[in-house]
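Here's target_28.pdb, which has PDB, C-alpha atoms:
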ATOM      1  CA  MET A   1     -41.385  -0.552   9.962
ATOM      2  CA  ILE A   2     -38.021   1.196  10.167
ATOM      3  CA  PHE A   3     -37.776   4.181  12.454
ATOM      4  CA  SER A   4     -35.155   6.878  12.098
ATOM      5  CA  ASP A   5     -34.776  10.563  12.733
ATOM      6  CA  ARG A   6     -34.854  13.331  10.111
ATOM      7  CA  ARG A   7     -31.072  13.164   9.702
ATOM      8  CA  ARG A   8     -31.051   9.680   8.223
ATOM      9  CA  LEU A   9     -28.512   8.911   5.514
ATOM     10  CA  PRO A  10     -29.408   8.418   1.834
ATOM     11  CA  ALA A  11     -30.718   4.958   1.055
ATOM     12  CA  GLU A  12     -27.674   4.010  -1.000
ATOM     13  CA  ARG A  13     -25.265   4.857   1.859
ATOM     14  CA  ARG A  14     -27.374   2.825   4.305
ATOM     15  CA  ARG A  15     -27.213  -0.161   1.986
ATOM     16  CA  GLN A  16     -23.420   0.146   1.740
ATOM     17  CA  ILE A  17     -23.062   0.236   5.523
ATOM     18  CA  ALA A  18     -25.402  -2.704   6.005
ATOM     19  CA  SER A  19     -23.584  -4.701   3.344
ATOM     20  CA  SER A  20     -20.185  -4.079   4.899
ATOM     21  CA  MET A  21     -21.419  -5.361   8.273
ATOM     22  CA  ARG A  22     -23.019  -8.617   7.137
ATOM     23  CA  VAL A  23     -19.879 -10.643   7.729
ATOM     24  CA  PRO A  24     -17.084  -9.748  10.176
ATOM     25  CA  PHE A  25     -13.810  -8.705   8.527
ATOM     26  CA  SER A  26     -11.995 -11.865   9.544
ATOM     27  CA  ARG A  27     -14.548 -13.991   7.657
ATOM     28  CA  ARG A  28     -14.958 -11.988   4.489
ATOM     29  CA  ILE A  29     -11.724 -13.351   2.960
ATOM     30  CA  SER A  30     -10.814 -16.987   3.287
ATOM     31  CA  SER A  31      -7.238 -18.118   3.852
ATOM     32  CA  SER A  32      -7.263 -19.824   0.451
ATOM     33  CA  THR A  33      -8.277 -16.766  -1.538
ATOM     34  CA  LEU A  34      -6.330 -14.134   0.408
ATOM     35  CA  PRO A  35      -2.938 -14.732  -1.274
ATOM     36  CA  LEU A  36      -4.577 -14.415  -4.718
ATOM     37  CA  ILE A  37      -6.315 -11.166  -3.788
ATOM     38  CA  VAL A  38      -3.111  -9.773  -2.323
ATOM     39  CA  ALA A  39      -1.198 -10.752  -5.449
ATOM     40  CA  VAL A  40      -3.668  -8.899  -7.670
ATOM     41  CA  TRP A  41      -3.299  -5.565  -5.968
ATOM     42  CA  LEU A  42       0.434  -6.019  -5.499
ATOM     43  CA  VAL A  43       0.882  -6.444  -9.239
ATOM     44  CA  ASN A  44      -1.005  -3.204  -9.788
ATOM     45  CA  ALA A  45       0.897  -1.314  -7.084
ATOM     46  CA  THR A  46       3.207   1.487  -8.218
ATOM     47  CA  ALA A  47       6.448   2.668  -6.726
ATOM     48  CA  VAL A  48       5.112   6.119  -5.994
ATOM     49  CA  PHE A  49       1.561   6.672  -4.759
ATOM     50  CA  SER A  50      -0.467   9.800  -5.418
ATOM     51  CA  ALA A  51      -1.067  10.199  -1.689
ATOM     52  CA  SER A  52       0.748   8.802   1.330
ATOM     53  CA  TYR A  53      -0.816   6.871   4.195
ATOM     54  CA  ASP A  54      -0.615   9.965   6.417
ATOM     55  CA  GLU A  55      -2.249  12.178   3.792
ATOM     56  CA  LEU A  56      -5.084   9.725   3.188
ATOM     57  CA  ARG A  57      -5.635   9.238   6.910
ATOM     58  CA  SER A  58      -5.688  12.985   7.549
ATOM     59  CA  ALA A  59      -8.286  13.540   4.820
ATOM     60  CA  ALA A  60     -10.445  10.711   6.168
ATOM     61  CA  VAL A  61     -10.296  12.078   9.727
ATOM     62  CA  LYS A  62     -11.358  15.527   8.520
ATOM     63  CA  SER A  63     -14.352  14.041   6.718
ATOM     64  CA  CYS A  64     -15.479  12.326   9.925
ATOM     65  CA  GLU A  65     -14.888  15.406  12.068
ATOM     66  CA  ALA A  66     -17.204  17.368   9.768
ATOM     67  CA  ILE A  67     -20.170  15.166  10.712
ATOM     68  CA  ASP A  68     -22.599  16.461  13.338
ATOM     69  CA  PRO A  69     -21.867  14.473  16.539
ATOM     70  CA  SER A  70     -25.599  14.280  17.304
ATOM     71  CA  ALA A  71     -26.620  12.830  13.920
ATOM     72  CA  TYR A  72     -27.710   9.225  14.204
ATOM     73  CA  GLN A  73     -29.495   6.301  12.566
ATOM     74  CA  THR A  74     -31.832   3.998  14.434
ATOM     75  CA  GLY A  75     -34.542   1.412  13.917
ATOM     76  CA  LEU A  76     -32.542  -0.295  11.155
ATOM     77  CA  PHE A  77     -34.063  -3.695  11.840
ATOM     78  CA  PHE A  78     -32.780  -5.258   8.613
ATOM     79  CA  ASN A  79     -29.178  -4.572   9.643
ATOM     80  CA  PRO A  80     -27.225  -7.316  11.440
ATOM     81  CA  ASP A  81     -27.513  -7.489  15.197
ATOM     82  CA  GLY A  82     -25.444  -4.759  16.821
ATOM     83  CA  TYR A  83     -25.635  -2.373  13.878
ATOM     84  CA  ARG A  84     -29.240  -1.226  14.096
ATOM     85  CA  SER A  85     -28.601   2.068  15.870
ATOM     86  CA  TYR A  86     -25.516   4.273  15.778
ATOM     87  CA  TYR A  87     -24.123   7.770  15.597
ATOM     88  CA  VAL A  88     -23.169   8.601  12.010
ATOM     89  CA  ARG A  89     -19.925  10.230  13.152
ATOM     90  CA  SER A  90     -18.983   7.119  15.133
ATOM     91  CA  GLU A  91     -19.696   4.889  12.133
ATOM     92  CA  CYS A  92     -17.335   7.047  10.120
ATOM     93  CA  PHE A  93     -14.525   6.929  12.697
ATOM     94  CA  GLN A  94     -14.876   3.172  13.178
ATOM     95  CA  ARG A  95     -14.741   2.623   9.442
ATOM     96  CA  ILE A  96     -11.535   4.626   8.964
ATOM     97  CA  ALA A  97      -9.980   3.185  12.141
ATOM     98  CA  VAL A  98     -10.332  -0.261  10.578
ATOM     99  CA  GLU A  99      -9.203   0.967   7.160
ATOM    100  CA  PHE A 100      -6.060   2.637   8.523
ATOM    101  CA  ARG A 101      -5.465   0.085  11.289
ATOM    102  CA  ASP A 102      -5.393   2.913  13.840
ATOM    103  CA  LEU A 103      -6.505   2.067  17.376
ATOM    104  CA  THR A 104      -6.284   5.709  18.476
ATOM    105  CA  LEU A 105      -9.265   6.591  16.293
ATOM    106  CA  CYS A 106     -11.467   4.160  18.209
ATOM    107  CA  ALA A 107     -11.594   6.671  21.063
ATOM    108  CA  GLN A 108     -13.862   8.745  18.817
ATOM    109  CA  VAL A 109     -16.406   5.937  18.477
ATOM    110  CA  LYS A 110     -19.359   6.406  20.838
ATOM    111  CA  GLN A 111     -22.026   3.751  21.227
ATOM    112  CA  ARG A 112     -25.592   4.996  20.856
ATOM    113  CA  TYR A 113     -27.785   3.147  23.309
ATOM    114  CA  SER A 114     -31.274   2.353  22.064
ATOM    115  CA  LEU A 115     -34.068   0.516  23.811
ATOM    116  CA  PHE A 116     -35.261  -1.485  20.793
ATOM    117  CA  SER A 117     -32.258  -1.449  18.438
ATOM    118  CA  SER A 118     -28.976  -3.210  19.295
ATOM    119  CA  SER A 119     -25.988  -0.918  18.926
ATOM    120  CA  TRP A 120     -22.877  -2.696  20.233
ATOM    121  CA  GLY A 121     -21.463  -2.960  16.690
ATOM    122  CA  TYR A 122     -20.411   0.674  16.742
ATOM    123  CA  SER A 123     -18.515   1.126  19.981
ATOM    124  CA  GLU A 124     -14.954   1.698  21.127
ATOM    125  CA  ALA A 125     -14.633  -1.936  22.178
ATOM    126  CA  GLN A 126     -15.897  -3.324  18.868
ATOM    127  CA  CYS A 127     -13.781  -0.835  16.926
ATOM    128  CA  SER A 128     -10.658  -1.932  18.809
ATOM    129  CA  LYS A 129     -11.437  -5.595  18.149
ATOM    130  CA  LEU A 130     -11.890  -5.021  14.412
ATOM    131  CA  VAL A 131      -8.677  -3.011  14.177
ATOM    132  CA  ARG A 132      -6.675  -5.662  16.045
ATOM    133  CA  ASP A 133      -8.168  -8.397  13.857
ATOM    134  CA  GLY A 134      -7.169  -6.417  10.775
ATOM    135  CA  ILE A 135      -3.609  -5.865  12.028
ATOM    136  CA  ALA A 136      -3.244  -9.567  12.796
ATOM    137  CA  ALA A 137      -4.480 -10.492   9.311
ATOM    138  CA  ASP A 138      -2.090  -7.988   7.723
ATOM    139  CA  GLU A 139       0.844  -9.409   9.664
ATOM    140  CA  ARG A 140       0.054 -12.885   8.386
ATOM    141  CA  VAL A 141      -0.038 -11.590   4.819
ATOM    142  CA  LEU A 142       3.293  -9.786   5.175
ATOM    143  CA  LEU A 143       4.972 -12.719   6.904
ATOM    144  CA  ASP A 144       3.812 -14.991   4.078
ATOM    145  CA  ILE A 145       5.311 -12.587   1.526
ATOM    146  CA  LYS A 146       8.506 -12.465   3.588
ATOM    147  CA  GLN A 147       8.813 -16.254   3.608
ATOM    148  CA  ARG A 148       8.204 -16.521  -0.132
ATOM    149  CA  TYR A 149      10.769 -13.812  -0.792
ATOM    150  CA  ARG A 150      13.427 -15.557   1.284
ATOM    151  CA  GLN A 151      12.795 -18.845  -0.465
ATOM    152  CA  GLY A 152      13.081 -17.596  -4.027
ATOM    153  CA  ALA A 153      13.574 -13.855  -4.379
ATOM    154  CA  MET A 154      14.405 -12.493  -7.807
ATOM    155  CA  GLN A 155      18.135 -11.689  -7.707
ATOM    156  CA  LEU A 156      19.736  -9.000  -9.846
ATOM    157  CA  ARG A 157      22.749 -10.843 -11.257
ATOM    158  CA  ASP A 158      23.946  -8.167 -13.638
ATOM    159  CA  PHE A 159      22.926  -5.136 -15.657
ATOM    160  CA  ARG A 160      24.308  -3.124 -18.507
ATOM    161  CA  ILE A 161      23.555   0.242 -20.067
ATOM    162  CA  GLU A 162      23.890   0.625 -23.809
ATOM    163  CA  ARG A 163      23.014   3.221 -26.393
ATOM    164  CA  ASN A 164      19.440   3.065 -27.614
ATOM    165  CA  GLY A 165      18.730   2.421 -31.283
ATOM    166  CA  ASN A 166      18.116   6.129 -31.836
ATOM    167  CA  GLY A 167      21.823   6.727 -31.156
ATOM    168  CA  ARG A 168      21.097   9.365 -28.529
ATOM    169  CA  ASP A 169      19.364   7.840 -25.499
ATOM    170  CA  PHE A 170      20.084   4.747 -23.391
ATOM    171  CA  ASP A 171      18.622   1.347 -22.510
ATOM    172  CA  ILE A 172      19.146  -0.254 -19.111
ATOM    173  CA  ILE A 173      19.096  -4.039 -19.377
ATOM    174  CA  PRO A 174      18.907  -5.892 -16.028
ATOM    175  CA  VAL A 175      19.408  -9.657 -15.716
ATOM    176  CA  PHE A 176      17.522 -11.576 -13.027
ATOM    177  CA  THR A 177      17.419 -15.082 -11.605
ATOM    178  CA  GLY A 178      14.938 -16.515  -9.106
ATOM    179  CA  ASN A 179      11.388 -17.787  -9.002
ATOM    180  CA  TYR A 180       9.403 -15.353  -6.837
ATOM    181  CA  GLY A 181       7.619 -13.315  -9.476
ATOM    182  CA  HIS A 182       6.425 -10.109  -7.878
ATOM    183  CA  GLY A 183       6.434  -6.337  -8.068
ATOM    184  CA  TYR A 184       9.869  -4.816  -7.536
ATOM    185  CA  ILE A 185      11.130  -1.246  -7.485
ATOM    186  CA  LEU A 186      14.202  -0.776  -9.687
ATOM    187  CA  ARG A 187      16.379   2.242  -9.015
ATOM    188  CA  PHE A 188      19.551   3.247 -10.864
ATOM    189  CA  GLU A 189      21.915   5.958  -9.649
ATOM    190  CA  LEU A 190      25.091   7.440 -11.083
ATOM    191  CA  PHE A 191      28.153   8.686  -9.186
ATOM    192  CA  ARG A 192      30.138  11.564 -10.679
ATOM    193  CA  ASN A 193      33.458  10.005  -9.698
ATOM    194  CA  ALA A 194      35.016   7.480  -7.346
ATOM    195  CA  ALA A 195      35.107   9.980  -4.470
ATOM    196  CA  ALA A 196      31.523  11.143  -4.898
ATOM    197  CA  LYS A 197      29.198  10.333  -2.023
ATOM    198  CA  GLN A 198      26.011  11.748  -3.492
ATOM    199  CA  ALA A 199      24.295   9.597  -6.093
ATOM    200  CA  LEU A 200      22.420  11.141  -9.008
ATOM    201  CA  PRO A 201      19.189   9.295  -9.893
ATOM    202  CA  ILE A 202      18.968   8.014 -13.457
ATOM    203  CA  HIS A 203      15.750   6.028 -13.263
ATOM    204  CA  ALA A 204      13.327   4.648 -10.667
ATOM    205  CA  SER A 205      10.051   2.828 -11.225
ATOM    206  CA  GLY A 206       8.100  -0.296 -10.340
ATOM    207  CA  TYR A 207       8.075  -3.449 -12.475
ATOM    208  CA  TYR A 208       6.700  -6.954 -12.301
ATOM    209  CA  VAL A 209       9.731  -9.232 -12.397
ATOM    210  CA  ASP A 210       9.828 -13.017 -12.752
ATOM    211  CA  GLY A 211      12.062 -15.678 -14.293
ATOM    212  CA  ASN A 212      10.889 -14.806 -17.814
ATOM    213  CA  SER A 213      11.400 -11.052 -17.532
ATOM    214  CA  ASN A 214      13.294  -9.456 -20.369
ATOM    215  CA  LEU A 215      13.342  -5.808 -19.368
ATOM    216  CA  ARG A 216      14.808  -3.098 -21.517
ATOM    217  CA  ILE A 217      14.322   0.221 -19.730
ATOM    218  CA  PHE A 218      14.438   3.338 -21.898
ATOM    219  CA  VAL A 219      16.144   6.400 -20.379
ATOM    220  CA  ARG A 220      16.475   9.735 -22.153
ATOM    221  CA  GLN A 221      19.911  11.324 -22.254
ATOM    222  CA  GLU A 222      18.139  14.636 -21.755
ATOM    223  CA  ASP A 223      16.710  13.435 -18.439
ATOM    224  CA  ILE A 224      20.139  12.335 -17.230
ATOM    225  CA  ARG A 225      21.639  15.696 -18.130
ATOM    226  CA  LYS A 226      18.963  17.486 -16.135
ATOM    227  CA  ARG A 227      20.560  15.938 -13.052
ATOM    228  CA  PHE A 228      24.126  15.633 -14.330
ATOM    229  CA  SER A 229      24.859  18.388 -16.828
ATOM    230  CA  ASP A 230      28.566  17.408 -16.981
ATOM    231  CA  LEU A 231      27.883  13.957 -18.400
ATOM    232  CA  ILE A 232      30.654  13.045 -20.875
ATOM    233  CA  LEU A 233      29.742  10.494 -23.517
ATOM    234  CA  GLY A 234      32.306   7.749 -23.909
ATOM    235  CA  ARG A 235      33.394   8.004 -20.284
ATOM    236  CA  SER A 236      32.801   5.365 -17.607
ATOM    237  CA  TYR A 237      30.886   6.117 -14.431
ATOM    238  CA  ASN A 238      29.992   4.043 -11.414
ATOM    239  CA  VAL A 239      26.299   3.121 -11.480
ATOM    240  CA  ARG A 240      24.455   1.546  -8.585
ATOM    241  CA  ALA A 241      21.359  -0.589  -9.127
ATOM    242  CA  THR A 242      18.943  -1.087  -6.250
ATOM    243  CA  VAL A 243      16.147  -3.657  -6.286
ATOM    244  CA  ILE A 244      13.458  -3.477  -3.602
ATOM    245  CA  LEU A 245      10.588  -5.890  -3.179
ATOM    246  CA  ASP A 246       7.478  -3.715  -3.489
ATOM    247  CA  ILE A 247       4.874  -4.842  -0.985
ATOM    248  CA  GLY A 248       2.554  -1.905  -1.580
ATOM    249  CA  ASN A 249       0.636  -0.132   1.182
ATOM    250  CA  GLY A 250      -2.276  -2.501   1.697
ATOM    251  CA  GLY A 251      -5.549  -2.742  -0.173
ATOM    252  CA  GLN A 252      -9.210  -1.854   0.127
ATOM    253  CA  ALA A 253      -9.560  -3.960   3.256
ATOM    254  CA  GLY A 254      -6.885  -1.944   5.076
ATOM    255  CA  LYS A 255      -4.000   0.425   4.493
ATOM    256  CA  TRP A 256      -0.521  -0.118   5.896
ATOM    257  CA  SER A 257       1.575   2.609   7.459
ATOM    258  CA  ASP A 258       5.327   2.784   6.895
ATOM    259  CA  THR A 259       5.787   2.085  10.604
ATOM    260  CA  PHE A 260       3.807  -1.148  10.363
ATOM    261  CA  ILE A 261       5.658  -2.309   7.255
ATOM    262  CA  GLU A 262       9.069  -1.559   8.746
ATOM    263  CA  ARG A 263       8.171  -3.464  11.905
ATOM    264  CA  VAL A 264       7.097  -6.624  10.087
ATOM    265  CA  PHE A 265       9.224  -6.629   6.910
ATOM    266  CA  PRO A 266      11.806  -3.805   6.878
ATOM    267  CA  GLU A 267      13.031  -2.422   3.577
ATOM    268  CA  ARG A 268      16.619  -3.431   4.360
ATOM    269  CA  GLU A 269      15.535  -7.098   4.376
ATOM    270  CA  ARG A 270      14.003  -6.863   0.892
ATOM    271  CA  SER A 271      16.648  -4.770  -0.857
ATOM    272  CA  GLN A 272      19.588  -5.662  -3.101
ATOM    273  CA  TYR A 273      22.439  -3.520  -4.423
ATOM    274  CA  LEU A 274      24.798  -3.987  -7.344
ATOM    275  CA  ASP A 275      27.506  -1.576  -8.556
ATOM    276  CA  ARG A 276      28.963  -1.549 -12.060
ATOM    277  CA  ASP A 277      31.297   0.707 -14.013
ATOM    278  CA  VAL A 278      29.356   1.694 -17.105
ATOM    279  CA  ARG A 279      30.608   3.451 -20.216
ATOM    280  CA  PHE A 280      28.141   6.020 -21.501
TER     281      PHE A 280
END

Could you quickly redo this structure as structure tokens?
Amino acid sequence: MIFSDRRRLPAERRRQIASSMRVPFSRRISSSTLPLIVAVWLVNATAVFSASYDELRSAAVKSCEAIDPSAYQTGLFFNPDGYRSYYVRSECFQRIAVEFRDLTLCAQVKQRYSLFSSSWGYSEAQCSKLVRDGIAADERVLLDIKQRYRQGAMQLRDFRIERNGNGRDFDIIPVFTGNYGHGYILRFELFRNAAAKQALPIHASGYYVDGNSNLRIFVRQEDIRKRFSDLILGRSYNVRATVILDIGNGGQAGKWSDTFIERVFPERERSQYLDRDVRF
């Protein structure tokens, strides 16, 4: 028989929690399958996310803070050892601490001691261990990406901008070499003149780039004029192309902060720049 108080969670939520605890994080993904999983979500990553790490973390913290600190689950004998009694609020904070790789949140995790149900699985100590394990796994993933990038990064060798077939808009045609197919952010900026220090963005987006890529990026003249109303057709302008390896912000197993990414694989180490004079 399973004993619990009147505040017990819905059955579906209890099953989700129990399922997530069956195998420790470090064992749920093998070293052989991790690169493939990472590659899948990296391909689907976009250059601009709907919400930042800080925004997502803040929302998650608020959801945990809204839980009654005295609400608990106990007598969950079918759960793995250590997870059979806990405070619901602590379960929430431990879960998001692991998700956001944030050790500071573990201070909010309080172990609920129970005479007949083991409860060490939700505690500040266990939370800290899971977060550190997650950070270590993330570092290995990023360092592997870093090594692969250094060995065969896609290099922007040239680009040109020509009039689109409609006679009004433009196509940006980049040329790449290399063998590390991956998601990259491509950004193109225009300078008004040789003395101009401020660049005007023409286009920025994320693309999967490999040795067979044949990109032809459509850009509306109208969109350029929104930023540079003095554009003169037939005149040459300096255009800068920037290529940045897009490593995303983590996956379902854990989200990466900008601080973490910059510490392990800074943007400056995965960026390329190329300037060209282009006649519009």

Problem set entry | Spatial neighbours of Arg235 in chain A, max dist 12 Å, only C-alpha atoms, sep filter under 2 positions, as a list in words | Arg192, Asn193, Asp230, Leu231, Ile232, Leu233, Tyr237, Asn238, Asp277, Val278, Arg279 and Phe280 of chain A

Name the residues captured by the PyMOL selection byres ((chain A and resi 183) around 7) when it is applied to the shown file; answer as an mmCIF file with C-alpha atoms, in the coordinates of the input.
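Dumped to selection.cif:
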data_model
loop_
_atom_site.group_PDB
_atom_site.id
_atom_site.type_symbol
_atom_site.label_atom_id
_atom_site.label_comp_id
_atom_site.auth_asym_id
_atom_site.auth_seq_id
_atom_site.Cartn_x
_atom_site.Cartn_y
_atom_site.Cartn_z
ATOM 1 C CA LEU A 42 0.434 -6.019 -5.499
ATOM 2 C CA VAL A 43 0.882 -6.444 -9.239
ATOM 3 C CA HIS A 182 6.425 -10.109 -7.878
ATOM 4 C CA TYR A 184 9.869 -4.816 -7.536
ATOM 5 C CA ILE A 185 11.130 -1.246 -7.485
ATOM 6 C CA GLY A 206 8.100 -0.296 -10.340
ATOM 7 C CA TYR A 207 8.075 -3.449 -12.475
ATOM 8 C CA TYR A 208 6.700 -6.954 -12.301
ATOM 9 C CA VAL A 209 9.731 -9.232 -12.397
ATOM 10 C CA LEU A 245 10.588 -5.890 -3.179
ATOM 11 C CA ASP A 246 7.478 -3.715 -3.489
#

For this session: Run through the PyMOL selection byres ((chain A and resi 161-177) around 7) on the given coordinates and return the selected residues as a list in words.
Result: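 Evaluating the PyMOL selection byres ((chain A and resi 161-177) around 7) on this file yields Met154, Gln155, Leu156, Arg157, Asp158, Phe159, Arg160, Gly178, Gly211, Leu215, Arg216, Ile217, Phe218, Val219, Arg220, Gln221 and Val278 of chain A.
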
For this session: Just give me the gap between CA of Ser85 in chain A and CA of Gln73 in chain A in Å, one decimal is fine.
Result: 5.4 Å

For this session: Write out as a VMD selection string the residues lying within 9 Å of Tyr53 in chain A, counting all atoms listed in the file and excluding same-chain residues fewer than 5 positions away.
Result: chain A and resid 58 100 249 255 to 258

Problem set entry | Distance query Leu142 in chain A at most 9 Å, only C-alpha atoms, self and fewer than 6 positions along chain excluded, as a ChimeraX atom specification | /A:247,261,264-265

Problem set entry | Pairwise distance for CA of Cys127 in chain A and CA of Ala51 in chain A, rounded to one decimal in Å |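 Straight-line distance from CA of Cys127 in chain A to CA of Ala51 in chain A works out to 25.1 Å.
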
Seminar exercise, completed: Shortest contact to Ile244 in chain A, candidates A:Phe77, A:Tyr273, A:Tyr72, A:Tyr83, atoms counted all atoms listed in the file, goes to A:Tyr273

Take range 106-125 of chain A, model N, CA and C atoms, and hand the result over as an mmCIF file, keeping the file's coordinate frame.
data_model
loop_
_atom_site.group_PDB
_atom_site.id
_atom_site.type_symbol
_atom_site.label_atom_id
_atom_site.label_comp_id
_atom_site.auth_asym_id
_atom_site.auth_seq_id
_atom_site.Cartn_x
_atom_site.Cartn_y
_atom_site.Cartn_z
ATOM 1 N N CYS A 106 -10.329 4.816 17.569
ATOM 2 C CA CYS A 106 -11.467 4.160 18.209
ATOM 3 C C CYS A 106 -11.985 4.963 19.407
ATOM 4 N N ALA A 107 -11.145 5.835 19.949
ATOM 5 C CA ALA A 107 -11.594 6.671 21.063
ATOM 6 C C ALA A 107 -12.704 7.625 20.638
ATOM 7 N N GLN A 108 -12.834 7.857 19.344
ATOM 8 C CA GLN A 108 -13.862 8.745 18.817
ATOM 9 C C GLN A 108 -15.190 8.027 18.558
ATOM 10 N N VAL A 109 -15.206 6.723 18.763
ATOM 11 C CA VAL A 109 -16.406 5.937 18.477
ATOM 12 C C VAL A 109 -17.261 5.827 19.743
ATOM 13 N N LYS A 110 -18.447 6.409 19.693
ATOM 14 C CA LYS A 110 -19.359 6.406 20.838
ATOM 15 C C LYS A 110 -20.572 5.529 20.529
ATOM 16 N N GLN A 111 -20.864 4.612 21.427
ATOM 17 C CA GLN A 111 -22.026 3.751 21.227
ATOM 18 C C GLN A 111 -23.310 4.523 21.513
ATOM 19 N N ARG A 112 -24.280 4.361 20.639
ATOM 20 C CA ARG A 112 -25.592 4.996 20.856
ATOM 21 C C ARG A 112 -26.546 3.951 21.425
ATOM 22 N N TYR A 113 -26.907 4.115 22.659
ATOM 23 C CA TYR A 113 -27.785 3.147 23.309
ATOM 24 C C TYR A 113 -29.233 3.378 22.878
ATOM 25 N N SER A 114 -29.892 2.281 22.527
ATOM 26 C CA SER A 114 -31.274 2.353 22.064
ATOM 27 C C SER A 114 -32.065 1.213 22.700
ATOM 28 N N LEU A 115 -33.263 1.499 23.103
ATOM 29 C CA LEU A 115 -34.068 0.516 23.811
ATOM 30 C C LEU A 115 -34.448 -0.672 22.935
ATOM 31 N N PHE A 116 -34.762 -0.416 21.663
ATOM 32 C CA PHE A 116 -35.261 -1.485 20.793
ATOM 33 C C PHE A 116 -34.298 -1.863 19.658
ATOM 34 N N SER A 117 -33.191 -1.160 19.543
ATOM 35 C CA SER A 117 -32.258 -1.449 18.438
ATOM 36 C C SER A 117 -30.859 -1.684 18.999
ATOM 37 N N SER A 118 -30.311 -2.890 18.775
ATOM 38 C CA SER A 118 -28.976 -3.210 19.295
ATOM 39 C C SER A 118 -27.930 -2.319 18.634
ATOM 40 N N SER A 119 -26.940 -1.916 19.427
ATOM 41 C CA SER A 119 -25.988 -0.918 18.926
ATOM 42 C C SER A 119 -24.538 -1.202 19.295
ATOM 43 N N TRP A 120 -24.240 -2.407 19.793
ATOM 44 C CA TRP A 120 -22.877 -2.696 20.233
ATOM 45 C C TRP A 120 -21.875 -2.720 19.077
ATOM 46 N N GLY A 121 -22.365 -2.854 17.842
ATOM 47 C CA GLY A 121 -21.463 -2.960 16.690
ATOM 48 C C GLY A 121 -20.642 -1.719 16.433
ATOM 49 N N TYR A 122 -21.169 -0.571 16.841
ATOM 50 C CA TYR A 122 -20.411 0.674 16.742
ATOM 51 C C TYR A 122 -20.110 1.149 18.156
ATOM 52 N N SER A 123 -18.943 0.783 18.635
ATOM 53 C CA SER A 123 -18.515 1.126 19.981
ATOM 54 C C SER A 123 -16.997 1.090 20.013
ATOM 55 N N GLU A 124 -16.417 1.686 21.027
ATOM 56 C CA GLU A 124 -14.954 1.698 21.127
ATOM 57 C C GLU A 124 -14.403 0.283 21.243
ATOM 58 N N ALA A 125 -15.100 -0.557 21.993
ATOM 59 C CA ALA A 125 -14.633 -1.936 22.178
ATOM 60 C C ALA A 125 -14.665 -2.718 20.860
#
